[in-house]
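J.: Please find entry_38.pdb (PDB, C-alpha atoms) on the next line:
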```pdb
ATOM      1  CA  MET A 508     -20.311   8.216 -20.307  1.00  0.00           C
ATOM      2  CA  GLN A 509     -19.704   6.431 -17.009  1.00  0.00           C
ATOM      3  CA  PRO A 510     -17.420   3.397 -16.962  1.00  0.00           C
ATOM      4  CA  SER A 511     -19.062   0.011 -16.837  1.00  0.00           C
ATOM      5  CA  ILE A 512     -19.402  -1.675 -13.477  1.00  0.00           C
ATOM      6  CA  CYS A 513     -17.984  -5.137 -12.796  1.00  0.00           C
ATOM      7  CA  PRO A 514     -19.002  -7.161  -9.752  1.00  0.00           C
ATOM      8  CA  LEU A 515     -16.895  -6.506  -6.671  1.00  0.00           C
ATOM      9  CA  SER A 516     -15.009  -9.281  -4.961  1.00  0.00           C
ATOM     10  CA  LEU A 517     -16.135  -8.283  -1.483  1.00  0.00           C
ATOM     11  CA  LEU A 518     -14.027  -9.590   1.399  1.00  0.00           C
ATOM     12  CA  TYR A 519     -15.451  -7.706   4.377  1.00  0.00           C
ATOM     13  CA  ASN A 520     -18.213  -5.244   5.175  1.00  0.00           C
ATOM     14  CA  ASP A 521     -18.756  -4.393   8.822  1.00  0.00           C
ATOM     15  CA  GLY A 522     -19.894  -1.006  10.102  1.00  0.00           C
ATOM     16  CA  PRO A 523     -17.601   1.736   8.762  1.00  0.00           C
ATOM     17  CA  VAL A 524     -15.100  -0.671   7.163  1.00  0.00           C
ATOM     18  CA  LEU A 525     -15.251  -2.387   3.788  1.00  0.00           C
ATOM     19  CA  ALA A 526     -12.566  -4.479   2.087  1.00  0.00           C
ATOM     20  CA  VAL A 527     -12.382  -5.900  -1.424  1.00  0.00           C
ATOM     21  CA  ASN A 528     -10.093  -8.042  -3.543  1.00  0.00           C
ATOM     22  CA  LYS A 529      -8.747  -5.637  -6.172  1.00  0.00           C
ATOM     23  CA  PRO A 530      -8.204  -7.046  -9.672  1.00  0.00           C
ATOM     24  CA  GLY A 531      -4.868  -6.369 -11.309  1.00  0.00           C
ATOM     25  CA  GLY A 532      -4.834  -3.737 -14.050  1.00  0.00           C
ATOM     26  CA  LEU A 533      -7.373  -1.515 -12.289  1.00  0.00           C
ATOM     27  CA  LEU A 534      -6.506   1.840 -10.733  1.00  0.00           C
ATOM     28  CA  THR A 535      -7.193   2.185  -7.033  1.00  0.00           C
ATOM     29  CA  GLN A 536      -8.285   5.794  -7.534  1.00  0.00           C
ATOM     30  CA  ALA A 537      -8.840   7.901 -10.647  1.00  0.00           C
ATOM     31  CA  PRO A 538     -10.376  11.197 -11.829  1.00  0.00           C
ATOM     32  CA  PRO A 539     -14.127  11.220 -12.565  1.00  0.00           C
ATOM     33  CA  GLY A 540     -15.093   9.304 -15.706  1.00  0.00           C
ATOM     34  CA  ILE A 541     -12.201   6.824 -15.456  1.00  0.00           C
ATOM     35  CA  ASP A 542     -12.842   3.345 -14.128  1.00  0.00           C
ATOM     36  CA  SER A 543     -11.260   2.641 -10.760  1.00  0.00           C
ATOM     37  CA  LEU A 544     -11.766   0.514  -7.684  1.00  0.00           C
ATOM     38  CA  GLU A 545     -12.888   3.601  -5.782  1.00  0.00           C
ATOM     39  CA  TYR A 546     -15.621   4.242  -8.358  1.00  0.00           C
ATOM     40  CA  ARG A 547     -16.821   0.627  -8.256  1.00  0.00           C
ATOM     41  CA  VAL A 548     -16.981   0.604  -4.455  1.00  0.00           C
ATOM     42  CA  LYS A 549     -18.942   3.861  -4.455  1.00  0.00           C
ATOM     43  CA  MET A 550     -21.409   2.393  -6.931  1.00  0.00           C
ATOM     44  CA  TYR A 551     -21.729  -0.721  -4.764  1.00  0.00           C
ATOM     45  CA  MET A 552     -22.464   1.438  -1.722  1.00  0.00           C
ATOM     46  CA  ARG A 553     -25.001   3.446  -3.690  1.00  0.00           C
ATOM     47  CA  GLU A 554     -26.804   0.289  -4.783  1.00  0.00           C
ATOM     48  CA  THR A 555     -26.675  -1.534  -1.434  1.00  0.00           C
ATOM     49  CA  GLU A 556     -26.791   1.312   1.090  1.00  0.00           C
ATOM     50  CA  GLY A 557     -28.533   4.079  -0.841  1.00  0.00           C
ATOM     51  CA  ARG A 558     -25.570   6.421  -0.698  1.00  0.00           C
ATOM     52  CA  GLY A 559     -25.093   9.178  -3.247  1.00  0.00           C
ATOM     53  CA  GLU A 560     -22.606   8.810  -6.072  1.00  0.00           C
ATOM     54  CA  ASN A 561     -20.413  11.450  -4.426  1.00  0.00           C
ATOM     55  CA  GLY A 562     -20.732  10.000  -0.930  1.00  0.00           C
ATOM     56  CA  TYR A 563     -17.697   9.713   1.316  1.00  0.00           C
ATOM     57  CA  LEU A 564     -15.219   6.884   0.814  1.00  0.00           C
ATOM     58  CA  GLY A 565     -11.829   6.962   2.539  1.00  0.00           C
ATOM     59  CA  ILE A 566      -8.765   5.247   1.074  1.00  0.00           C
ATOM     60  CA  PRO A 567      -6.136   4.731   3.789  1.00  0.00           C
ATOM     61  CA  HIS A 568      -3.804   2.756   1.494  1.00  0.00           C
ATOM     62  CA  ARG A 569      -3.420   1.839  -2.184  1.00  0.00           C
ATOM     63  CA  LEU A 570      -2.071  -0.828  -4.503  1.00  0.00           C
ATOM     64  CA  ASP A 571      -0.225  -0.216  -7.760  1.00  0.00           C
ATOM     65  CA  ARG A 572      -2.422  -0.561 -10.821  1.00  0.00           C
ATOM     66  CA  PRO A 573      -1.033  -3.948 -12.019  1.00  0.00           C
ATOM     67  CA  VAL A 574      -1.162  -5.458  -8.523  1.00  0.00           C
ATOM     68  CA  SER A 575      -4.113  -7.465  -7.188  1.00  0.00           C
ATOM     69  CA  GLY A 576      -5.277  -8.189  -3.659  1.00  0.00           C
ATOM     70  CA  VAL A 577      -6.896  -6.898  -0.524  1.00  0.00           C
ATOM     71  CA  ILE A 578      -7.643  -3.186  -0.044  1.00  0.00           C
ATOM     72  CA  VAL A 579      -9.443  -1.697   2.958  1.00  0.00           C
ATOM     73  CA  PHE A 580     -11.748   1.342   2.743  1.00  0.00           C
ATOM     74  CA  GLY A 581     -13.305   3.585   5.394  1.00  0.00           C
ATOM     75  CA  LYS A 582     -16.948   4.566   5.059  1.00  0.00           C
ATOM     76  CA  ASN A 583     -16.602   7.675   7.217  1.00  0.00           C
ATOM     77  CA  SER A 584     -13.807  10.082   8.059  1.00  0.00           C
ATOM     78  CA  ARG A 585     -13.339   8.900  11.647  1.00  0.00           C
ATOM     79  CA  ALA A 586     -12.871   5.258  10.620  1.00  0.00           C
ATOM     80  CA  THR A 587     -10.532   6.266   7.801  1.00  0.00           C
ATOM     81  CA  HIS A 588      -8.453   8.390  10.171  1.00  0.00           C
ATOM     82  CA  ARG A 589      -8.102   5.516  12.629  1.00  0.00           C
ATOM     83  CA  LEU A 590      -7.147   3.089   9.866  1.00  0.00           C
ATOM     84  CA  SER A 591      -4.659   5.596   8.425  1.00  0.00           C
ATOM     85  CA  GLU A 592      -3.024   5.964  11.837  1.00  0.00           C
ATOM     86  CA  GLN A 593      -2.509   2.198  11.973  1.00  0.00           C
ATOM     87  CA  PHE A 594      -0.803   2.288   8.573  1.00  0.00           C
ATOM     88  CA  GLU A 595       1.366   5.259   9.535  1.00  0.00           C
ATOM     89  CA  ARG A 596       2.457   3.570  12.765  1.00  0.00           C
ATOM     90  CA  ARG A 597       3.093   0.293  10.914  1.00  0.00           C
ATOM     91  CA  GLU A 598       0.671  -1.509  13.186  1.00  0.00           C
ATOM     92  CA  ILE A 599      -0.980  -3.281  10.265  1.00  0.00           C
ATOM     93  CA  ASP A 600       0.366  -6.663   9.200  1.00  0.00           C
ATOM     94  CA  LYS A 601       0.373  -7.052   5.407  1.00  0.00           C
ATOM     95  CA  THR A 602       1.547 -10.091   3.465  1.00  0.00           C
ATOM     96  CA  TYR A 603       2.206 -10.217  -0.279  1.00  0.00           C
ATOM     97  CA  TRP A 604       2.690 -13.141  -2.612  1.00  0.00           C
ATOM     98  CA  ALA A 605       4.815 -12.820  -5.731  1.00  0.00           C
ATOM     99  CA  VAL A 606       5.998 -15.092  -8.509  1.00  0.00           C
ATOM    100  CA  VAL A 607       9.464 -13.929  -9.537  1.00  0.00           C
ATOM    101  CA  GLN A 608      11.749 -15.011 -12.328  1.00  0.00           C
ATOM    102  CA  GLY A 609      14.724 -17.191 -11.539  1.00  0.00           C
ATOM    103  CA  THR A 610      15.541 -19.318  -8.522  1.00  0.00           C
ATOM    104  CA  VAL A 611      15.855 -17.525  -5.201  1.00  0.00           C
ATOM    105  CA  GLU A 612      18.469 -19.687  -3.488  1.00  0.00           C
ATOM    106  CA  GLN A 613      18.056 -18.746   0.178  1.00  0.00           C
ATOM    107  CA  ASP A 614      14.875 -19.997   1.843  1.00  0.00           C
ATOM    108  CA  THR A 615      14.506 -16.743   3.789  1.00  0.00           C
ATOM    109  CA  GLY A 616      16.198 -13.399   3.531  1.00  0.00           C
ATOM    110  CA  THR A 617      16.112  -9.648   3.887  1.00  0.00           C
ATOM    111  CA  TRP A 618      16.881  -7.126   1.172  1.00  0.00           C
ATOM    112  CA  ILE A 619      17.936  -3.639   2.229  1.00  0.00           C
ATOM    113  CA  ASP A 620      18.314  -0.985  -0.448  1.00  0.00           C
ATOM    114  CA  PHE A 621      18.056   2.764  -0.868  1.00  0.00           C
ATOM    115  CA  VAL A 622      15.492   3.963  -3.371  1.00  0.00           C
ATOM    116  CA  ARG A 623      14.115   7.182  -4.753  1.00  0.00           C
ATOM    117  CA  LYS A 624      11.262   8.214  -7.007  1.00  0.00           C
ATOM    118  CA  VAL A 625      12.495   9.214 -10.456  1.00  0.00           C
ATOM    119  CA  PRO A 626      11.488  12.868 -10.976  1.00  0.00           C
ATOM    120  CA  ASP A 627       8.602  13.359 -13.415  1.00  0.00           C
ATOM    121  CA  GLU A 628       8.354   9.617 -14.119  1.00  0.00           C
ATOM    122  CA  PRO A 629       6.001   6.952 -12.667  1.00  0.00           C
ATOM    123  CA  ARG A 630       8.811   4.719 -11.441  1.00  0.00           C
ATOM    124  CA  ALA A 631      11.425   4.339  -8.730  1.00  0.00           C
ATOM    125  CA  GLU A 632      15.101   3.427  -8.830  1.00  0.00           C
ATOM    126  CA  ILE A 633      17.932   2.282  -6.608  1.00  0.00           C
ATOM    127  CA  THR A 634      20.224   5.084  -5.526  1.00  0.00           C
ATOM    128  CA  ALA A 635      23.209   5.752  -3.260  1.00  0.00           C
ATOM    129  CA  PRO A 636      22.503   6.248   0.450  1.00  0.00           C
ATOM    130  CA  ILE A 637      24.050   9.725   0.253  1.00  0.00           C
ATOM    131  CA  ASN A 638      21.502  10.877  -2.326  1.00  0.00           C
ATOM    132  CA  PRO A 639      19.303  13.497  -0.619  1.00  0.00           C
ATOM    133  CA  ASP A 640      16.218  11.773  -2.060  1.00  0.00           C
ATOM    134  CA  ALA A 641      17.282   8.306  -0.882  1.00  0.00           C
ATOM    135  CA  ARG A 642      14.879   6.364   1.317  1.00  0.00           C
ATOM    136  CA  GLU A 643      15.734   3.067   2.983  1.00  0.00           C
ATOM    137  CA  ALA A 644      13.708   0.097   1.742  1.00  0.00           C
ATOM    138  CA  VAL A 645      13.580  -3.089   3.824  1.00  0.00           C
ATOM    139  CA  LEU A 646      11.936  -6.269   2.505  1.00  0.00           C
ATOM    140  CA  HIS A 647      11.710  -9.711   4.146  1.00  0.00           C
ATOM    141  CA  TYR A 648      10.935 -12.788   2.068  1.00  0.00           C
ATOM    142  CA  LEU A 649      10.157 -16.470   2.528  1.00  0.00           C
ATOM    143  CA  VAL A 650      10.398 -18.947  -0.352  1.00  0.00           C
ATOM    144  CA  LEU A 651       7.113 -20.823  -0.726  1.00  0.00           C
ATOM    145  CA  LEU A 652       7.917 -22.785  -3.868  1.00  0.00           C
ATOM    146  CA  ARG A 653      10.556 -23.170  -6.566  1.00  0.00           C
ATOM    147  CA  PHE A 654       9.358 -24.491  -9.914  1.00  0.00           C
ATOM    148  CA  VAL A 655       9.952 -24.548 -13.663  1.00  0.00           C
ATOM    149  CA  GLN A 656       7.459 -23.112 -16.145  1.00  0.00           C
ATOM    150  CA  GLN A 657       8.003 -23.224 -19.930  1.00  0.00           C
ATOM    151  CA  ASP A 658      11.555 -24.448 -19.253  1.00  0.00           C
ATOM    152  CA  ARG A 659      12.295 -21.405 -17.116  1.00  0.00           C
ATOM    153  CA  PRO A 660      12.853 -21.264 -13.332  1.00  0.00           C
ATOM    154  CA  PHE A 661      10.524 -19.309 -11.062  1.00  0.00           C
ATOM    155  CA  THR A 662      10.089 -18.796  -7.334  1.00  0.00           C
ATOM    156  CA  ARG A 663       6.966 -18.012  -5.366  1.00  0.00           C
ATOM    157  CA  LEU A 664       7.734 -15.686  -2.463  1.00  0.00           C
ATOM    158  CA  GLU A 665       5.856 -14.554   0.596  1.00  0.00           C
ATOM    159  CA  ILE A 666       6.874 -10.959   1.305  1.00  0.00           C
ATOM    160  CA  LYS A 667       6.564  -8.581   4.228  1.00  0.00           C
ATOM    161  CA  LEU A 668       7.720  -4.967   4.184  1.00  0.00           C
ATOM    162  CA  GLU A 669       9.190  -2.855   6.935  1.00  0.00           C
ATOM    163  CA  THR A 670       8.935   0.227   4.751  1.00  0.00           C
ATOM    164  CA  GLY A 671       6.402   1.424   2.203  1.00  0.00           C
ATOM    165  CA  ARG A 672       8.275   2.922  -0.731  1.00  0.00           C
ATOM    166  CA  MET A 673       7.006   3.515  -4.249  1.00  0.00           C
ATOM    167  CA  HIS A 674       6.978   0.231  -6.201  1.00  0.00           C
ATOM    168  CA  GLN A 675       9.165  -1.223  -3.449  1.00  0.00           C
ATOM    169  CA  ILE A 676       8.552  -4.937  -3.994  1.00  0.00           C
ATOM    170  CA  ARG A 677       8.743  -4.626  -7.753  1.00  0.00           C
ATOM    171  CA  LEU A 678      11.971  -2.619  -7.678  1.00  0.00           C
ATOM    172  CA  GLN A 679      13.763  -4.646  -5.028  1.00  0.00           C
ATOM    173  CA  CYS A 680      12.905  -8.002  -6.593  1.00  0.00           C
ATOM    174  CA  SER A 681      14.221  -6.755  -9.916  1.00  0.00           C
ATOM    175  CA  THR A 682      17.345  -5.245  -8.358  1.00  0.00           C
ATOM    176  CA  HIS A 683      18.203  -8.577  -6.751  1.00  0.00           C
ATOM    177  CA  GLY A 684      17.867 -10.396 -10.056  1.00  0.00           C
ATOM    178  CA  HIS A 685      14.309 -11.660  -9.745  1.00  0.00           C
ATOM    179  CA  PRO A 686      11.775  -9.389 -11.466  1.00  0.00           C
ATOM    180  CA  VAL A 687       8.106 -10.076 -10.781  1.00  0.00           C
ATOM    181  CA  ALA A 688       6.616 -12.103 -13.638  1.00  0.00           C
ATOM    182  CA  GLY A 689       4.921  -9.814 -16.144  1.00  0.00           C
ATOM    183  CA  ASP A 690       6.436  -6.613 -14.738  1.00  0.00           C
ATOM    184  CA  ALA A 691       8.057  -5.211 -17.891  1.00  0.00           C
ATOM    185  CA  LYS A 692       8.582  -1.829 -16.219  1.00  0.00           C
ATOM    186  CA  TYR A 693      11.124  -3.467 -13.917  1.00  0.00           C
ATOM    187  CA  GLY A 694      12.766  -5.918 -16.256  1.00  0.00           C
ATOM    188  CA  SER A 695      10.475  -8.934 -16.647  1.00  0.00           C
ATOM    189  CA  ASP A 696      10.545 -10.595 -20.062  1.00  0.00           C
ATOM    190  CA  PHE A 697       7.928 -13.214 -19.184  1.00  0.00           C
ATOM    191  CA  PRO A 698       4.331 -12.586 -20.330  1.00  0.00           C
ATOM    192  CA  PHE A 699       1.785 -12.894 -17.543  1.00  0.00           C
ATOM    193  CA  GLY A 700      -1.973 -12.681 -17.794  1.00  0.00           C
ATOM    194  CA  ASN A 701      -4.078 -11.113 -20.507  1.00  0.00           C
ATOM    195  CA  PHE A 702      -2.359  -9.061 -23.179  1.00  0.00           C
ATOM    196  CA  PHE A 703      -3.471  -5.462 -23.736  1.00  0.00           C
ATOM    197  CA  ASP A 704      -1.993  -2.967 -26.179  1.00  0.00           C
ATOM    198  CA  ASP A 705      -2.229  -0.452 -23.352  1.00  0.00           C
ATOM    199  CA  GLU A 706       0.544  -1.637 -20.999  1.00  0.00           C
ATOM    200  CA  ARG A 707      -1.119   0.128 -18.089  1.00  0.00           C
ATOM    201  CA  ARG A 708      -3.944  -2.442 -18.132  1.00  0.00           C
ATOM    202  CA  ARG A 709      -1.624  -5.435 -17.834  1.00  0.00           C
ATOM    203  CA  GLU A 710      -1.357  -7.417 -14.624  1.00  0.00           C
ATOM    204  CA  ILE A 711       1.729  -8.711 -12.854  1.00  0.00           C
ATOM    205  CA  ALA A 712       2.247 -11.693 -10.534  1.00  0.00           C
ATOM    206  CA  LEU A 713       2.143  -9.655  -7.344  1.00  0.00           C
ATOM    207  CA  HIS A 714      -0.798 -10.083  -4.966  1.00  0.00           C
ATOM    208  CA  SER A 715      -1.633  -8.472  -1.640  1.00  0.00           C
ATOM    209  CA  ARG A 716      -2.491 -11.773  -0.014  1.00  0.00           C
ATOM    210  CA  SER A 717      -3.592 -10.851   3.509  1.00  0.00           C
ATOM    211  CA  ILE A 718      -3.987  -8.042   6.015  1.00  0.00           C
ATOM    212  CA  VAL A 719      -4.538  -7.795   9.758  1.00  0.00           C
ATOM    213  CA  PHE A 720      -5.806  -4.564  11.308  1.00  0.00           C
ATOM    214  CA  ARG A 721      -7.798  -3.394  14.308  1.00  0.00           C
ATOM    215  CA  HIS A 722     -11.435  -2.553  13.675  1.00  0.00           C
ATOM    216  CA  PRO A 723     -11.725   1.222  14.161  1.00  0.00           C
ATOM    217  CA  LEU A 724     -14.791   0.853  16.404  1.00  0.00           C
ATOM    218  CA  THR A 725     -14.474  -2.441  18.270  1.00  0.00           C
ATOM    219  CA  LYS A 726     -10.643  -2.473  18.352  1.00  0.00           C
ATOM    220  CA  GLU A 727     -10.829  -6.201  17.672  1.00  0.00           C
ATOM    221  CA  PRO A 728      -8.315  -7.673  15.203  1.00  0.00           C
ATOM    222  CA  VAL A 729      -9.642  -8.306  11.689  1.00  0.00           C
ATOM    223  CA  ARG A 730      -7.816 -10.858   9.528  1.00  0.00           C
ATOM    224  CA  LEU A 731      -8.578 -10.966   5.818  1.00  0.00           C
ATOM    225  CA  THR A 732      -7.177 -13.148   3.035  1.00  0.00           C
ATOM    226  CA  ALA A 733      -7.655 -12.379  -0.655  1.00  0.00           C
ATOM    227  CA  PRO A 734      -8.027 -15.393  -2.983  1.00  0.00           C
ATOM    228  CA  LEU A 735      -5.537 -15.496  -5.835  1.00  0.00           C
ATOM    229  CA  PRO A 736      -6.665 -14.297  -9.272  1.00  0.00           C
ATOM    230  CA  GLU A 737      -7.534 -16.973 -11.824  1.00  0.00           C
ATOM    231  CA  LEU A 738      -4.440 -15.956 -13.797  1.00  0.00           C
ATOM    232  CA  TRP A 739      -2.347 -17.644 -11.122  1.00  0.00           C
ATOM    233  CA  ASN A 740      -3.920 -21.004 -11.957  1.00  0.00           C
ATOM    234  CA  GLY A 741      -1.204 -21.551 -14.536  1.00  0.00           C
ATOM    235  CA  PHE A 742       1.422 -21.650 -11.797  1.00  0.00           C
ATOM    236  CA  PRO A 743       1.921 -24.574  -9.401  1.00  0.00           C
ATOM    237  CA  VAL A 744       0.326 -24.262  -5.982  1.00  0.00           C
ATOM    238  CA  ALA A 745       2.605 -23.765  -2.977  1.00  0.00           C
ATOM    239  CA  LYS A 746       2.470 -26.549  -0.406  1.00  0.00           C
TER
END
```
Let's see the structure in the file written out as structure tokens.

T.:
Amino acid sequence: MQPSICPLSLLYNDGPVLAVNKPGGLLTQAPPGIDSLEYRVKMYMRETEGRGENGYLGIPHRLDRPVSGVIVFGKNSRATHRLSEQFERREIDKTYWAVVQGTVEQDTGTWIDFVRKVPDEPRAEITAPINPDAREAVLHYLVLLRFVQQDRPFTRLEIKLETGRMHQIRLQCSTHGHPVAGDAKYGSDFPFGNFFDDERRREIALHSRSIVFRHPLTKEPVRLTAPLPELWNGFPVAK
């Protein structure tokens, strides 16, 4: 039985490039028969462009399952390759928004840590620089808003990464004493969003807010912004 299809939040569709606003709790990619953003986009392309269910769809980058926000797809291999090169060369400008627990005191800052993937587990951890598996992780943040919710302090951050490590934002925020709201895997004790018995379906307050890339054909810059999920309506709006 095929998974049910939900409407896509389409952000951009021009030539060989398509971008959507991914909902939190949904896999970017999954094996056949399991719901995923890739599957939904393929079904959209089948319905709107007459493509086959197994037609080509390139995925030059991904978001963690509980994270929402903008994801860009390539409709052919050449476009995907050109987009992937931009990601590999760090020529793409990505901005994330996060609501983290506690009050981040400095208005701006940079966190530099060394991280590694935990063997045989779907998580990362901080490690010593001398560890052979250590990878440097560099994160820049800007405080957008400090507020109190349910008598507890929170901070909304705008985040940019210099590196792209596994669960980097989630791990570094937690390591510096400010876990992302709802992210129980990395120490959050604050419930966020809809509750599911299956923890893998739960969302966290981390959103891929915007992206700037060069169109693989025209070379012109493309700037996309993903609206915040409705779940964020319970938090104050940054000025």

J.: Taking the file above as input, evaluate the PyMOL selection byres ((chain A and resi 542-557) around 12) and report the hits as a PyMOL selection string.

T.: chain A and resi 508-517+520+522-541+558-572+575-582+708

J.: Applying 10 Å and all atoms listed in the file, which residues near A:Glu612 remain after dropping the ones on its own chain fewer than 6 positions away? List them as a PyMOL selection string.

T.: chain A and resi 650+653+662

J.: Let me know the residues the PyMOL selection byres ((chain A and resi 589) around 12) catches in the file above, as JSON, numbers by chain.

T.: {"A": [523, 524, 565, 566, 567, 580, 581, 582, 583, 584, 585, 586, 587, 588, 590, 591, 592, 593, 594, 595, 596, 598, 599, 720, 721, 722, 723, 724, 725, 726]}

J.: Could you list, as a PyMOL selection string, every residue within 10 Å of A:His674, counting all atoms listed in the file and ignoring same-chain residues fewer than 2 positions away?

T.: chain A and resi 570-571+622+624+629-632+671-672+676-679+693

J.: Choose the residue, out of A:Leu652, A:Leu664, A:Phe621, A:Gly609, that has the smallest atom-to-atom separation from A:Ala635; count all atoms listed in the file.

T.: A:Phe621

J.: Can you tell me how far atom CA of A:His714 sits from atom CA of A:Leu735, in Å to one decimal?

T.: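 If I compute the distance from atom CA of A:His714 to atom CA of A:Leu735, I get 7.2 Å.
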
J.: Using all atoms listed in the file, which of A:Ser695, A:Ser681, A:Thr634, A:Ser717 sits nearest A:Leu731?

T.: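 So, comparing all the options, the nearest one is A:Ser717.
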
J.: With the cut-off set at 10 Å and counting only C-alpha atoms, tabulate each residue of stretch 607-706 of chain A with an atom at most that distance from an atom of stretch 736-741 of chain A, showing the nearest atom pair and its distance in Å to one decimal, ordered by chain and increasing number, as CSV.

T.:
```
residue,atom,partner,partner_atom,distance
A:Gln656,CA,A:Gly741,CA,8.9
A:Phe699,CA,A:Leu738,CA,7.9
A:Gly700,CA,A:Leu738,CA,5.7
A:Asn701,CA,A:Leu738,CA,8.3
```

J.: Atom CA of A:Arg623 to atom CA of A:Asp640: how many Å, to one decimal?

T.: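 Here the two named atoms are 5.7 Å from each other.
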
J.: Would you compute the box with edges along x, y and z of the file around stretch 548-552 of chain A, including every atom the file lists for it and 4 Å extra on each side, and give its centre and edge lengths in Å to one decimal, as lines of an AutoDock Vina configuration file?

T.:
```
center_x = -19.7
center_y = 1.6
center_z = -4.3
size_x = 13.5
size_y = 12.6
size_z = 13.2
```

J.: Determine the residue set returned by the PyMOL selection byres ((chain A and resi 659) around 10) for the present structure, and present it as a list in words.

T.: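 Those residues are Gln608, Gly609, Thr610, Phe654, Val655, Gln656, Gln657, Asp658, Pro660, Phe661 and Phe697 of chain A.
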
J.: Restricting the calculation to all atoms listed in the file: of A:Leu646, A:Leu651, A:Val729, A:Val687, which residue gets closest to A:Asp620?

T.: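 Among the listed residues, the smallest separation from A:Asp620 belongs to A:Leu646.
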
J.: Quote the spacing between atom CA of A:Pro636 and atom CA of A:Met673 in Å to one decimal place.

T.: 16.4 Å

J.: Could you give me, as a VMD selection string, the residues that sit within 8 Å of (1.6, -19.7, -6.7) in the file's coordinates, counting all atoms listed in the file?

T.: chain A and resid 604 to 606 652 663 739 to 740 742 to 745

J.: Ranking A:Ile666, A:Ala691, A:Ile633, A:Val574 by minimum distance to A:Leu649 and counting only C-alpha atoms, which one comes first?

T.: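 Of A:Ile666, A:Ala691, A:Ile633, A:Val574, the one nearest A:Leu649, counting only C-alpha atoms, is A:Ile666.
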